[in-house]
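For reference, coords-v8.tsv (TSV, C-alpha atoms and all ligand atoms):
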chain	number	residue	atom	x	y	z
A	221	MET	CA	-53.13	-31.00	-20.84
A	222	SER	CA	-51.32	-33.48	-18.57
A	223	PRO	CA	-48.88	-35.53	-20.67
A	224	SER	CA	-50.07	-39.09	-21.02
A	225	THR	CA	-48.02	-41.30	-18.72
A	226	SER	CA	-48.86	-44.46	-20.61
A	227	ALA	CA	-47.41	-44.70	-24.12
A	228	VAL	CA	-44.16	-42.82	-24.70
A	229	SER	CA	-43.73	-42.34	-28.43
A	230	LEU	CA	-40.30	-42.28	-30.09
A	231	THR	CA	-40.85	-38.58	-30.77
A	232	ARG	CA	-41.57	-37.83	-27.11
A	233	PHE	CA	-38.59	-39.93	-26.01
A	234	LEU	CA	-36.28	-38.02	-28.36
A	235	ILE	CA	-37.66	-34.61	-27.31
A	236	GLU	CA	-37.08	-35.56	-23.67
A	237	ALA	CA	-33.51	-36.59	-24.60
A	238	GLU	CA	-33.06	-33.24	-26.36
A	239	ARG	CA	-34.37	-31.33	-23.32
A	240	GLU	CA	-31.87	-33.21	-21.15
A	241	GLY	CA	-29.09	-32.14	-23.48
A	242	GLN	CA	-28.35	-35.71	-24.60
A	243	ILE	CA	-28.94	-34.94	-28.30
A	244	GLN	CA	-29.18	-31.94	-30.61
A	245	PRO	CA	-32.45	-31.14	-32.45
A	246	ASP	CA	-30.96	-32.15	-35.83
A	247	LEU	CA	-29.91	-35.55	-34.48
A	248	ARG	CA	-33.47	-36.08	-33.14
A	249	LEU	CA	-34.83	-35.28	-36.61
A	250	LEU	CA	-32.29	-37.58	-38.32
A	251	ILE	CA	-33.26	-40.51	-36.06
A	252	GLU	CA	-36.92	-39.90	-36.87
A	253	VAL	CA	-36.14	-39.96	-40.62
A	254	VAL	CA	-34.34	-43.29	-40.19
A	255	ALA	CA	-37.20	-44.68	-38.08
A	256	ARG	CA	-39.73	-43.72	-40.77
A	257	ALA	CA	-37.57	-45.46	-43.40
A	258	CYS	CA	-37.47	-48.57	-41.21
A	259	LYS	CA	-41.28	-48.53	-41.05
A	260	SER	CA	-41.37	-48.54	-44.86
A	261	ILE	CA	-38.88	-51.42	-44.96
A	262	SER	CA	-40.98	-53.29	-42.37
A	263	ILE	CA	-44.02	-52.96	-44.65
A	264	ALA	CA	-42.06	-54.23	-47.67
A	265	VAL	CA	-40.58	-57.16	-45.70
A	266	GLY	CA	-44.01	-57.98	-44.26
A	267	LYS	CA	-45.56	-58.41	-47.70
A	268	GLY	CA	-43.25	-61.37	-48.40
A	269	ALA	CA	-44.17	-63.25	-51.56
A	270	LEU	CA	-47.20	-61.00	-52.04
A	271	GLY	CA	-44.96	-57.98	-52.54
A	272	GLY	CA	-42.87	-59.42	-55.35
A	273	VAL	CA	-39.74	-58.56	-53.35
A	274	LEU	CA	-38.36	-62.01	-52.53
A	275	GLY	CA	-35.51	-63.68	-54.32
A	276	ASP	CA	-32.31	-62.40	-55.84
A	277	ALA	CA	-31.82	-59.02	-57.45
A	278	GLY	CA	-30.46	-58.83	-60.98
A	279	THR	CA	-31.71	-60.80	-63.98
A	280	PRO	CA	-32.04	-64.59	-64.34
A	281	GLY	CA	-28.55	-66.00	-64.76
A	282	GLU	CA	-26.97	-62.64	-63.95
A	283	ALA	CA	-26.95	-62.01	-60.18
A	284	SER	CA	-26.37	-58.50	-58.88
A	285	ILE	CA	-23.15	-58.68	-56.85
A	286	ASN	CA	-22.39	-56.02	-54.21
A	287	VAL	CA	-19.01	-54.67	-53.13
A	288	GLN	CA	-18.90	-57.46	-50.51
A	289	GLY	CA	-18.97	-60.07	-53.28
A	290	GLU	CA	-22.46	-61.17	-52.16
A	291	ALA	CA	-25.40	-61.85	-54.48
A	292	GLN	CA	-27.89	-59.14	-53.53
A	293	LYS	CA	-31.47	-59.93	-52.64
A	294	LYS	CA	-34.21	-57.73	-54.09
A	295	LEU	CA	-34.90	-56.54	-50.54
A	296	ASP	CA	-31.24	-55.60	-50.02
A	297	VAL	CA	-31.58	-53.22	-52.96
A	298	LEU	CA	-35.08	-51.99	-52.07
A	299	SER	CA	-34.16	-51.35	-48.41
A	300	ASN	CA	-31.09	-49.44	-49.53
A	301	GLU	CA	-33.19	-47.29	-51.88
A	302	ILE	CA	-35.76	-46.58	-49.15
A	303	LEU	CA	-33.01	-45.30	-46.83
A	304	LEU	CA	-31.38	-43.25	-49.61
A	305	GLU	CA	-34.67	-41.60	-50.61
A	306	ALA	CA	-35.72	-40.89	-47.00
A	307	ASN	CA	-32.41	-39.17	-46.28
A	308	ALA	CA	-31.98	-37.32	-49.58
A	309	TRP	CA	-34.56	-34.75	-48.43
A	310	GLY	CA	-34.03	-35.32	-44.71
A	311	GLY	CA	-31.68	-32.38	-44.47
A	312	HIS	CA	-29.47	-33.69	-41.66
A	313	LEU	CA	-26.72	-35.53	-43.51
A	314	ALA	CA	-23.51	-34.56	-45.23
A	315	ALA	CA	-23.09	-38.07	-46.64
A	316	LEU	CA	-24.12	-41.65	-46.18
A	317	ALA	CA	-22.56	-45.10	-46.65
A	318	SER	CA	-24.11	-48.54	-46.99
A	319	GLU	CA	-23.17	-52.21	-47.13
A	320	GLU	CA	-24.77	-52.18	-50.56
A	321	MET	CA	-22.78	-49.30	-52.07
A	322	ASP	CA	-19.11	-49.33	-53.06
A	323	HIS	CA	-18.36	-45.86	-51.73
A	324	ALA	CA	-19.91	-43.15	-49.57
A	325	VAL	CA	-22.53	-40.98	-51.27
A	326	MET	CA	-22.44	-37.23	-50.66
A	327	ILE	CA	-25.73	-35.37	-50.28
A	328	PRO	CA	-25.80	-33.22	-53.47
A	329	GLN	CA	-25.23	-29.47	-53.09
A	330	ASP	CA	-28.79	-28.53	-54.15
A	331	TYR	CA	-30.33	-30.85	-51.52
A	332	PRO	CA	-30.73	-29.87	-47.86
A	333	ARG	CA	-27.57	-30.92	-46.05
A	334	GLY	CA	-26.58	-31.38	-42.42
A	335	ARG	CA	-23.61	-32.27	-40.26
A	336	TYR	CA	-23.99	-36.03	-39.77
A	337	LEU	CA	-22.68	-39.11	-41.54
A	338	LEU	CA	-25.07	-42.07	-41.65
A	339	LEU	CA	-23.91	-45.65	-42.20
A	340	PHE	CA	-26.28	-48.57	-42.58
A	341	ASP	CA	-26.73	-52.21	-43.34
A	342	PRO	CA	-30.11	-51.78	-44.99
A	343	LEU	CA	-31.11	-55.41	-44.70
A	344	ASP	CA	-29.18	-57.61	-42.29
A	345	GLY	CA	-29.62	-61.37	-42.45
A	346	SER	CA	-30.85	-61.25	-46.03
A	347	SER	CA	-30.07	-64.93	-46.58
A	348	ASN	CA	-33.09	-65.50	-44.30
A	349	ILE	CA	-35.60	-63.34	-46.13
A	350	ASP	CA	-36.76	-66.07	-48.56
A	351	VAL	CA	-37.39	-68.49	-45.69
A	352	ASN	CA	-39.35	-65.97	-43.62
A	353	ILE	CA	-36.91	-65.67	-40.71
A	354	SER	CA	-36.37	-62.34	-38.92
A	355	VAL	CA	-34.15	-59.78	-40.66
A	356	GLY	CA	-33.32	-56.19	-39.78
A	357	THR	CA	-31.71	-52.85	-40.53
A	358	ILE	CA	-28.62	-51.61	-38.65
A	359	PHE	CA	-27.52	-47.95	-38.56
A	360	SER	CA	-24.73	-45.83	-37.11
A	361	VAL	CA	-24.41	-42.03	-36.91
A	362	LEU	CA	-21.13	-40.09	-36.87
A	363	ALA	CA	-20.48	-36.36	-36.91
A	364	CYS	CA	-19.01	-35.10	-40.17
A	365	PRO	CA	-15.62	-33.43	-39.55
A	366	GLN	CA	-15.96	-29.64	-39.58
A	367	ASP	CA	-16.15	-27.62	-42.81
A	368	ILE	CA	-15.89	-30.60	-45.10
A	369	ASP	CA	-17.49	-29.63	-48.35
A	370	SER	CA	-17.31	-32.97	-50.09
A	371	PRO	CA	-17.22	-35.83	-47.57
A	372	CYS	CA	-15.80	-39.11	-48.83
A	373	ASP	CA	-14.99	-42.58	-47.50
A	374	GLU	CA	-12.07	-41.32	-45.41
A	375	HIS	CA	-14.31	-39.02	-43.33
A	376	PHE	CA	-16.27	-42.07	-42.19
A	377	LEU	CA	-13.16	-43.82	-40.84
A	378	GLN	CA	-13.79	-42.93	-37.18
A	379	PRO	CA	-13.62	-45.39	-34.26
A	380	GLY	CA	-16.85	-46.71	-32.77
A	381	THR	CA	-16.40	-44.47	-29.72
A	382	ALA	CA	-17.13	-41.51	-32.03
A	383	GLN	CA	-20.69	-42.68	-32.79
A	384	VAL	CA	-23.34	-40.19	-31.63
A	385	ALA	CA	-26.16	-42.69	-32.13
A	386	ALA	CA	-26.60	-46.33	-33.13
A	387	GLY	CA	-29.53	-48.63	-33.56
A	388	TYR	CA	-31.29	-51.38	-35.40
A	389	CYS	CA	-34.78	-52.26	-36.45
A	390	THR	CA	-35.70	-55.94	-36.25
A	391	TYR	CA	-38.51	-57.17	-38.53
A	392	GLY	CA	-39.70	-60.12	-36.49
A	393	PRO	CA	-43.08	-61.17	-35.05
A	394	SER	CA	-43.16	-57.52	-34.02
A	395	THR	CA	-41.13	-54.72	-35.55
A	396	MET	CA	-38.83	-53.20	-32.92
A	397	LEU	CA	-36.44	-50.27	-33.02
A	398	VAL	CA	-33.55	-50.49	-30.52
A	399	LEU	CA	-31.62	-47.25	-30.09
A	400	THR	CA	-28.84	-45.61	-28.13
A	401	VAL	CA	-27.71	-41.97	-28.17
A	402	GLY	CA	-25.06	-42.72	-25.55
A	403	HIS	CA	-27.41	-42.73	-22.57
A	404	GLY	CA	-28.56	-46.34	-22.28
A	405	THR	CA	-30.14	-48.70	-24.81
A	406	HIS	CA	-33.89	-48.47	-25.29
A	407	ALA	CA	-36.46	-50.55	-27.20
A	408	PHE	CA	-39.50	-49.32	-29.11
A	409	THR	CA	-42.23	-51.49	-30.62
A	410	LEU	CA	-44.08	-50.46	-33.78
A	411	ASP	CA	-47.77	-49.89	-33.14
A	412	ARG	CA	-49.01	-50.72	-36.62
A	413	GLU	CA	-52.48	-49.29	-36.00
A	414	VAL	CA	-51.07	-45.90	-35.05
A	415	GLY	CA	-48.03	-46.21	-37.34
A	416	GLY	CA	-45.57	-45.11	-34.65
A	417	PHE	CA	-42.87	-46.59	-32.44
A	418	VAL	CA	-43.77	-46.82	-28.73
A	419	LEU	CA	-41.21	-47.15	-25.91
A	420	THR	CA	-41.49	-50.69	-24.53
A	421	THR	CA	-38.18	-51.07	-22.63
A	422	ARG	CA	-36.35	-48.09	-21.14
A	423	GLY	CA	-32.79	-49.12	-20.25
A	424	MET	CA	-32.17	-52.64	-21.57
A	425	ARG	CA	-29.65	-54.53	-19.40
A	426	ILE	CA	-27.65	-57.61	-20.46
A	427	PRO	CA	-27.07	-60.13	-17.61
A	428	GLU	CA	-23.32	-60.29	-16.90
A	429	ASP	CA	-23.26	-64.10	-17.07
A	430	THR	CA	-24.95	-66.47	-19.46
A	431	LYS	CA	-25.51	-70.08	-20.46
A	432	GLU	CA	-26.30	-69.35	-24.09
A	433	PHE	CA	-23.90	-68.90	-27.01
A	434	ALA	CA	-24.44	-67.98	-30.65
A	435	VAL	CA	-21.88	-69.08	-33.24
A	436	ASN	CA	-21.99	-70.80	-36.63
A	437	MET	CA	-20.60	-74.17	-35.52
A	438	SER	CA	-20.12	-75.36	-39.12
A	439	ASN	CA	-16.96	-73.22	-39.21
A	440	GLN	CA	-15.44	-74.97	-36.19
A	441	ARG	CA	-12.66	-76.76	-38.12
A	442	HIS	CA	-11.60	-73.39	-39.60
A	443	TRP	CA	-11.24	-71.52	-36.28
A	444	GLU	CA	-8.06	-70.41	-34.54
A	445	PRO	CA	-6.93	-72.74	-31.70
A	446	ALA	CA	-8.07	-70.20	-29.09
A	447	MET	CA	-11.64	-70.31	-30.43
A	448	GLN	CA	-11.51	-74.11	-30.67
A	449	SER	CA	-10.54	-74.27	-26.96
A	450	TYR	CA	-13.09	-71.69	-25.87
A	451	VAL	CA	-16.03	-73.43	-27.59
A	452	GLY	CA	-14.67	-76.88	-26.74
A	453	ASP	CA	-14.82	-75.98	-23.04
A	454	LEU	CA	-18.34	-74.53	-23.48
A	455	LEU	CA	-19.50	-77.78	-25.10
A	456	ALA	CA	-17.99	-79.87	-22.27
A	457	GLY	CA	-20.79	-78.49	-20.10
A	458	LYS	CA	-20.85	-78.93	-16.33
A	459	GLU	CA	-18.39	-81.83	-16.55
A	460	GLY	CA	-15.90	-79.49	-18.20
A	461	PRO	CA	-13.84	-76.54	-16.95
A	462	ARG	CA	-16.79	-74.15	-17.28
A	463	GLY	CA	-18.84	-76.17	-14.80
A	464	LYS	CA	-22.18	-75.40	-16.42
A	465	ASP	CA	-24.24	-76.60	-19.39
A	466	PHE	CA	-24.65	-74.14	-22.27
A	467	ASN	CA	-27.44	-73.79	-24.84
A	468	MET	CA	-26.86	-72.72	-28.44
A	469	ARG	CA	-28.80	-70.41	-30.77
A	470	TRP	CA	-27.78	-69.27	-34.29
A	471	VAL	CA	-30.29	-67.35	-36.40
A	472	ALA	CA	-27.78	-66.10	-39.05
A	473	SER	CA	-29.35	-62.66	-38.78
A	474	MET	CA	-27.04	-60.63	-36.56
A	475	VAL	CA	-29.94	-58.32	-35.64
A	476	ALA	CA	-32.05	-61.26	-34.38
A	477	ASP	CA	-29.18	-62.83	-32.43
A	478	VAL	CA	-28.13	-59.52	-30.89
A	479	HIS	CA	-31.73	-58.64	-30.01
A	480	ARG	CA	-32.07	-61.95	-28.13
A	481	ILE	CA	-28.82	-61.22	-26.28
A	482	LEU	CA	-29.89	-57.67	-25.37
A	483	THR	CA	-33.16	-59.14	-24.11
A	484	ARG	CA	-31.96	-62.20	-22.12
A	485	GLY	CA	-28.15	-62.32	-22.30
A	486	GLY	CA	-25.75	-64.57	-24.18
A	487	ILE	CA	-22.57	-64.32	-26.19
A	488	PHE	CA	-22.53	-63.82	-29.97
A	489	SER	CA	-19.42	-64.58	-31.95
A	490	TYR	CA	-18.34	-64.52	-35.55
A	491	PRO	CA	-14.63	-65.23	-35.05
A	492	LEU	CA	-11.84	-65.31	-37.57
A	493	ASP	CA	-11.85	-68.48	-39.60
A	494	ALA	CA	-9.62	-69.80	-42.37
A	495	LYS	CA	-12.28	-68.91	-44.95
A	496	CYS	CA	-12.51	-65.21	-44.04
A	497	ALA	CA	-9.19	-64.54	-42.25
A	498	ASP	CA	-7.72	-62.93	-45.37
A	499	LYS	CA	-10.54	-60.36	-45.25
A	500	GLY	CA	-10.18	-59.78	-41.50
A	501	GLY	CA	-13.39	-61.58	-40.60
A	502	LYS	CA	-16.96	-61.98	-41.84
A	503	LEU	CA	-18.88	-59.10	-40.25
A	504	ARG	CA	-18.38	-55.46	-41.20
A	505	LEU	CA	-16.97	-53.02	-38.65
A	506	MET	CA	-18.59	-49.73	-39.64
A	507	TYR	CA	-22.26	-50.73	-40.02
A	508	GLU	CA	-22.58	-54.03	-38.16
A	509	ALA	CA	-19.98	-54.45	-35.39
A	510	ASN	CA	-19.65	-50.83	-34.26
A	511	PRO	CA	-23.36	-49.95	-33.93
A	512	MET	CA	-24.11	-53.29	-32.26
A	513	SER	CA	-21.16	-52.84	-29.91
A	514	MET	CA	-22.35	-49.39	-28.82
A	515	LEU	CA	-25.84	-50.78	-28.12
A	516	VAL	CA	-24.38	-53.73	-26.17
A	517	GLU	CA	-21.97	-51.59	-24.10
A	518	GLN	CA	-24.75	-49.11	-23.33
A	519	ALA	CA	-26.76	-52.09	-21.99
A	520	GLY	CA	-23.91	-53.15	-19.67
A	521	GLY	CA	-22.42	-55.77	-21.99
A	522	ALA	CA	-19.01	-56.00	-23.66
A	523	ALA	CA	-17.89	-56.12	-27.31
A	524	SER	CA	-14.47	-57.17	-28.57
A	525	THR	CA	-12.57	-58.38	-31.63
A	526	GLY	CA	-11.29	-61.13	-29.30
A	527	ARG	CA	-8.18	-59.09	-28.66
A	528	GLN	CA	-9.34	-55.45	-28.51
A	529	ARG	CA	-12.41	-53.43	-27.42
A	530	MET	CA	-14.45	-53.19	-30.62
A	531	LEU	CA	-15.26	-49.49	-30.26
A	532	GLU	CA	-11.54	-48.62	-30.15
A	533	VAL	CA	-10.66	-50.29	-33.48
A	534	ARG	CA	-9.19	-47.61	-35.76
A	535	PRO	CA	-10.89	-48.16	-39.16
A	536	THR	CA	-8.73	-48.30	-42.29
A	537	HIS	CA	-11.44	-48.73	-44.94
A	538	LEU	CA	-15.18	-48.39	-45.27
A	539	HIS	CA	-16.10	-52.06	-45.71
A	540	GLN	CA	-13.49	-53.37	-43.26
A	541	ARG	CA	-14.34	-56.70	-41.61
A	542	VAL	CA	-13.60	-57.75	-38.03
A	543	PRO	CA	-13.96	-60.79	-35.77
A	544	VAL	CA	-16.82	-60.19	-33.30
A	545	PHE	CA	-17.46	-61.26	-29.70
A	546	LEU	CA	-20.26	-59.40	-27.91
A	547	GLY	CA	-22.85	-59.88	-25.19
A	548	SER	CA	-22.77	-60.79	-21.49
A	549	ARG	CA	-19.75	-58.99	-20.09
A	550	ASN	CA	-18.21	-61.83	-18.04
A	551	GLU	CA	-18.59	-64.32	-20.91
A	552	VAL	CA	-17.02	-61.97	-23.48
A	553	GLU	CA	-14.13	-61.33	-21.09
A	554	MET	CA	-13.71	-65.11	-20.72
A	555	ALA	CA	-13.55	-65.53	-24.51
A	556	VAL	CA	-11.00	-62.69	-24.76
A	557	ARG	CA	-8.85	-64.37	-22.09
A	558	TYR	CA	-8.79	-67.58	-24.15
A	559	HIS	CA	-7.44	-65.53	-27.07
A	560	LEU	CA	-4.93	-63.35	-25.24
A	561	GLU	CA	-3.52	-66.27	-23.23
A	562	ARG	CA	-2.78	-68.15	-26.46
A	563	ASP	CA	-1.24	-65.28	-28.45
B	1	LIG	P1	-25.99	-59.43	-44.30
B	1	LIG	O1	-27.24	-60.19	-44.59
B	1	LIG	O2	-26.25	-57.97	-44.00
B	1	LIG	O3	-24.95	-59.61	-45.39
B	1	LIG	O4	-25.38	-59.96	-42.94
B	1	LIG	C1	-25.34	-61.34	-42.70
B	1	LIG	C2	-24.40	-61.59	-41.56
B	1	LIG	C3	-25.05	-61.48	-40.19
B	1	LIG	O5	-26.35	-60.97	-40.21
B	1	LIG	C4	-25.09	-62.90	-39.67
B	1	LIG	O6	-24.79	-62.95	-38.31
B	1	LIG	C5	-24.03	-63.59	-40.49
B	1	LIG	O7	-23.92	-62.90	-41.72
B	1	LIG	C6	-24.42	-65.01	-40.76
B	1	LIG	O8	-23.31	-65.62	-41.39
B	1	LIG	P2	-23.42	-67.17	-41.82
B	1	LIG	O9	-24.43	-67.20	-42.93
B	1	LIG	O10	-22.02	-67.50	-42.27
B	1	LIG	O11	-23.86	-67.93	-40.61
B	2	MN	MN	-25.14	-58.74	-47.26
B	3	MN	MN	-25.53	-57.60	-42.03
B	4	MN	MN	-27.06	-56.55	-45.28
Spit out the file's structure as structure tokens when you get a sec.
Amino acid sequence: MSPSTSAVSLTRFLIEAEREGQIQPDLRLLIEVVARACKSISIAVGKGALGGVLGDAGTPGEASINVQGEAQKKLDVLSNEILLEANAWGGHLAALASEEMDHAVMIPQDYPRGRYLLLFDPLDGSSNIDVNISVGTIFSVLACPQDIDSPCDEHFLQPGTAQVAAGYCTYGPSTMLVLTVGHGTHAFTLDREVGGFVLTTRGMRIPEDTKEFAVNMSNQRHWEPAMQSYVGDLLAGKEGPRGKDFNMRWVASMVADVHRILTRGGIFSYPLDAKCADKGGKLRLMYEANPMSMLVEQAGGAASTGRQRMLEVRPTHLHQRVPVFLGSRNEVEMAVRYHLERD
């Protein structure tokens, strides 16, 4: 039977990657478990008000607060549970960690266990869910250090360069899975009739230059001087030192903003500001910045804290926050120069 040359399923793509020695069979199976969980989350998100899953978790007057200090949405909690349940019997993990859980959770001894550590932001952009704007799931895969019987937070504290896979699923007009296993960044679109992800872009490439930036401008007065100068020069347009007019987009769902940048270029930034400087930034290193940075670098872009390559940051704790600049390589390097020249 000649293999169909039209639709390449996620399964076929992963088997081809395995045959080329890019991934091990257990990593292929882990990615498929995560993809199936994302399909379940997509269905729950898609039901909206009809699914009884909008609004805040917890009871009236008593919000459910996560380790980040955020009031959880019902879908934050549900998405987290979907990923936990899918991986409990998946058989490929030693432990997992989530934005929504204080500490890493070890796969119990009597469950099938494997050699990977999975980190995820089960629902990214959850402040948008009640107003029907795209949200997503972000995940990162690390190898569990050898012969660790009871993995804990410390075993997750590996730099982004140690990731063996990273990806996100964006629940937008279409549901798309964007994935890297270290050999390019590839996009799959969910075929709802078949119930499977189909390869729609092999080898996403971010244009090196851009005229589009994504930042929450309401924080401008709280930024460091370097960020003030960098954005001030952007806003000066072609009359200013940048010599070109820029456009702005800010969805407030990192997954949606990063997907746009992977698709047509741009720079995304959540810099340090006076409100979050004491925490090191707003976005989380282990399950937002690192997986997104691997995807962006694999698509020819760049990702930085503003002063250091993101993937080389040495983590010190599981829910560590960092300033983020990522996207079109030349633009990120320009932003970094503004910071380093003013230090
Ligand atoms: P999460 O919903 O997982 O907590 O992440 C939200 C993050 C990120 O998705 C987005 O880029 C950023 O928060 C938006 O921050 P502001 O609401 O301050 O713009
Ligand atoms: Mn959150
Ligand atoms: Mn998030
Ligand atoms: Mn989240």
For ligand LIG 1 (chain B), which of A:Gly404, A:Gly241, A:Gly416, A:Gly356 is the closest residue, counting all atoms listed in the file?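 Going through A:Gly404, A:Gly241, A:Gly416, A:Gly356 one by one, the smallest distance to ligand LIG 1 (chain B) is for A:Gly356.
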Considering only C-alpha atoms, return as a ChimeraX atom specification whatever protein or nucleic-acid residues lie within 10 Å of Ala386 (chain A), sequence-local ones (same chain, fewer than 6 positions apart) excluded. /A:251,338-340,358-362,380,398-402,405,507,510-515
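Among the candidates A:Glu238, A:Glu374, A:Asp411, A:Glu508, the residue lying nearest to ligand LIG 1 (chain B) is A:Glu508 (atoms considered: only C-alpha atoms and all ligand atoms).
For the set A:Lys267, A:Arg232, A:Lys502, A:Arg469, the residue with the smallest atom-to-atom gap to Arg248 (chain A) is A:Arg232, counting all atoms listed in the file.
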Measuring atom to atom with all atoms listed in the file, identify which of A:Leu249, A:Ile349, A:Val414, A:Ala306 is nearest to Gly334 (chain A).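 Nearest to Gly334 (chain A): A:Leu249.
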Collect all residues with atoms no farther than 12 Å from ligand MN 4 (chain B), counting all atoms listed in the file, and output them as a PyMOL selection string. chain A and resi 286-300+318-321+339-349+355-359+388+472-475+502-504+507-508+539
Pick from A:Asn550, A:Ser226, A:Ser449, A:Ser284, whichever lies nearest to ligand MN 2 (chain B) using all atoms listed in the file: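 Checking each of A:Asn550, A:Ser226, A:Ser449, A:Ser284 against ligand MN 2 (chain B), counting all atoms listed in the file, the winner is A:Ser284.
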Given the choices A:His442, A:Arg412, A:Lys458, A:Lys464, which gets closest to Ala494 (chain A) if the distance is worked out from only C-alpha atoms?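 Using only C-alpha atoms, Ala494 (chain A) sits closest to A:His442.
The interatomic distance for the pair CA of Thr409 (chain A) and atom O4 of ligand LIG 1 (chain B) works out to 22.5 Å.
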Find the residues near Pro461 (chain A): any atom within 12 Å, counting only C-alpha atoms, skip ones fewer than 6 places away on the same chain, and give them as a PyMOL selection string. chain A and resi 449-455
Within 7 Å of region 520-530 of chain A using all atoms listed in the file, minus same-chain residues under 4 positions, as a list in words: Arg425, Ile426, Glu428, Asn510, Ser513, Val516, Val542, Pro543, Val544, Phe545, Leu546, Gly547, Ser548, Arg549, Val552, Ala555, Val556, His559 and Leu560 of chain A
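For the atom pair formed by CA of Thr421 (chain A) and CA of Gln244 (chain A), the distance is 22.6 Å, given to one decimal.
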For CA of Ala456 (chain A) and atom O7 of ligand LIG 1 (chain B), determine how far apart the two atoms are, in Å to one decimal place.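 We find that CA of Ala456 (chain A) and atom O7 of ligand LIG 1 (chain B) lie 26.5 Å from each other.
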Within 10 Å of Glu444 (chain A), counting all atoms listed in the file, which residues show up once you throw out same-chain ones fewer than 6 positions away? Write them as a VMD selection string, please. chain A and resid 491 to 494 497 559 562
If you count all atoms listed in the file, which residues fall within 10 Å of Ser229 (chain A), apart from same-chain ones fewer than 5 positions away, as a list of chain:residue names? A:Leu234, A:Ile235, A:Phe408, A:Thr409, A:Leu410, A:Asp411, A:Gly416, A:Phe417, A:Val418, A:Leu419, A:Thr420
Take the selection from the previous step and output its residues with C-alpha atoms, as a PDB file, in the coordinates of the input.
ATOM      1  CA  LEU A 234     -36.280 -38.020 -28.360  1.00  0.00           C
ATOM      2  CA  ILE A 235     -37.660 -34.610 -27.310  1.00  0.00           C
ATOM      3  CA  PHE A 408     -39.500 -49.320 -29.110  1.00  0.00           C
ATOM      4  CA  THR A 409     -42.230 -51.490 -30.620  1.00  0.00           C
ATOM      5  CA  LEU A 410     -44.080 -50.460 -33.780  1.00  0.00           C
ATOM      6  CA  ASP A 411     -47.770 -49.890 -33.140  1.00  0.00           C
ATOM      7  CA  GLY A 416     -45.570 -45.110 -34.650  1.00  0.00           C
ATOM      8  CA  PHE A 417     -42.870 -46.590 -32.440  1.00  0.00           C
ATOM      9  CA  VAL A 418     -43.770 -46.820 -28.730  1.00  0.00           C
ATOM     10  CA  LEU A 419     -41.210 -47.150 -25.910  1.00  0.00           C
ATOM     11  CA  THR A 420     -41.490 -50.690 -24.530  1.00  0.00           C
TER      12      THR A 420
END
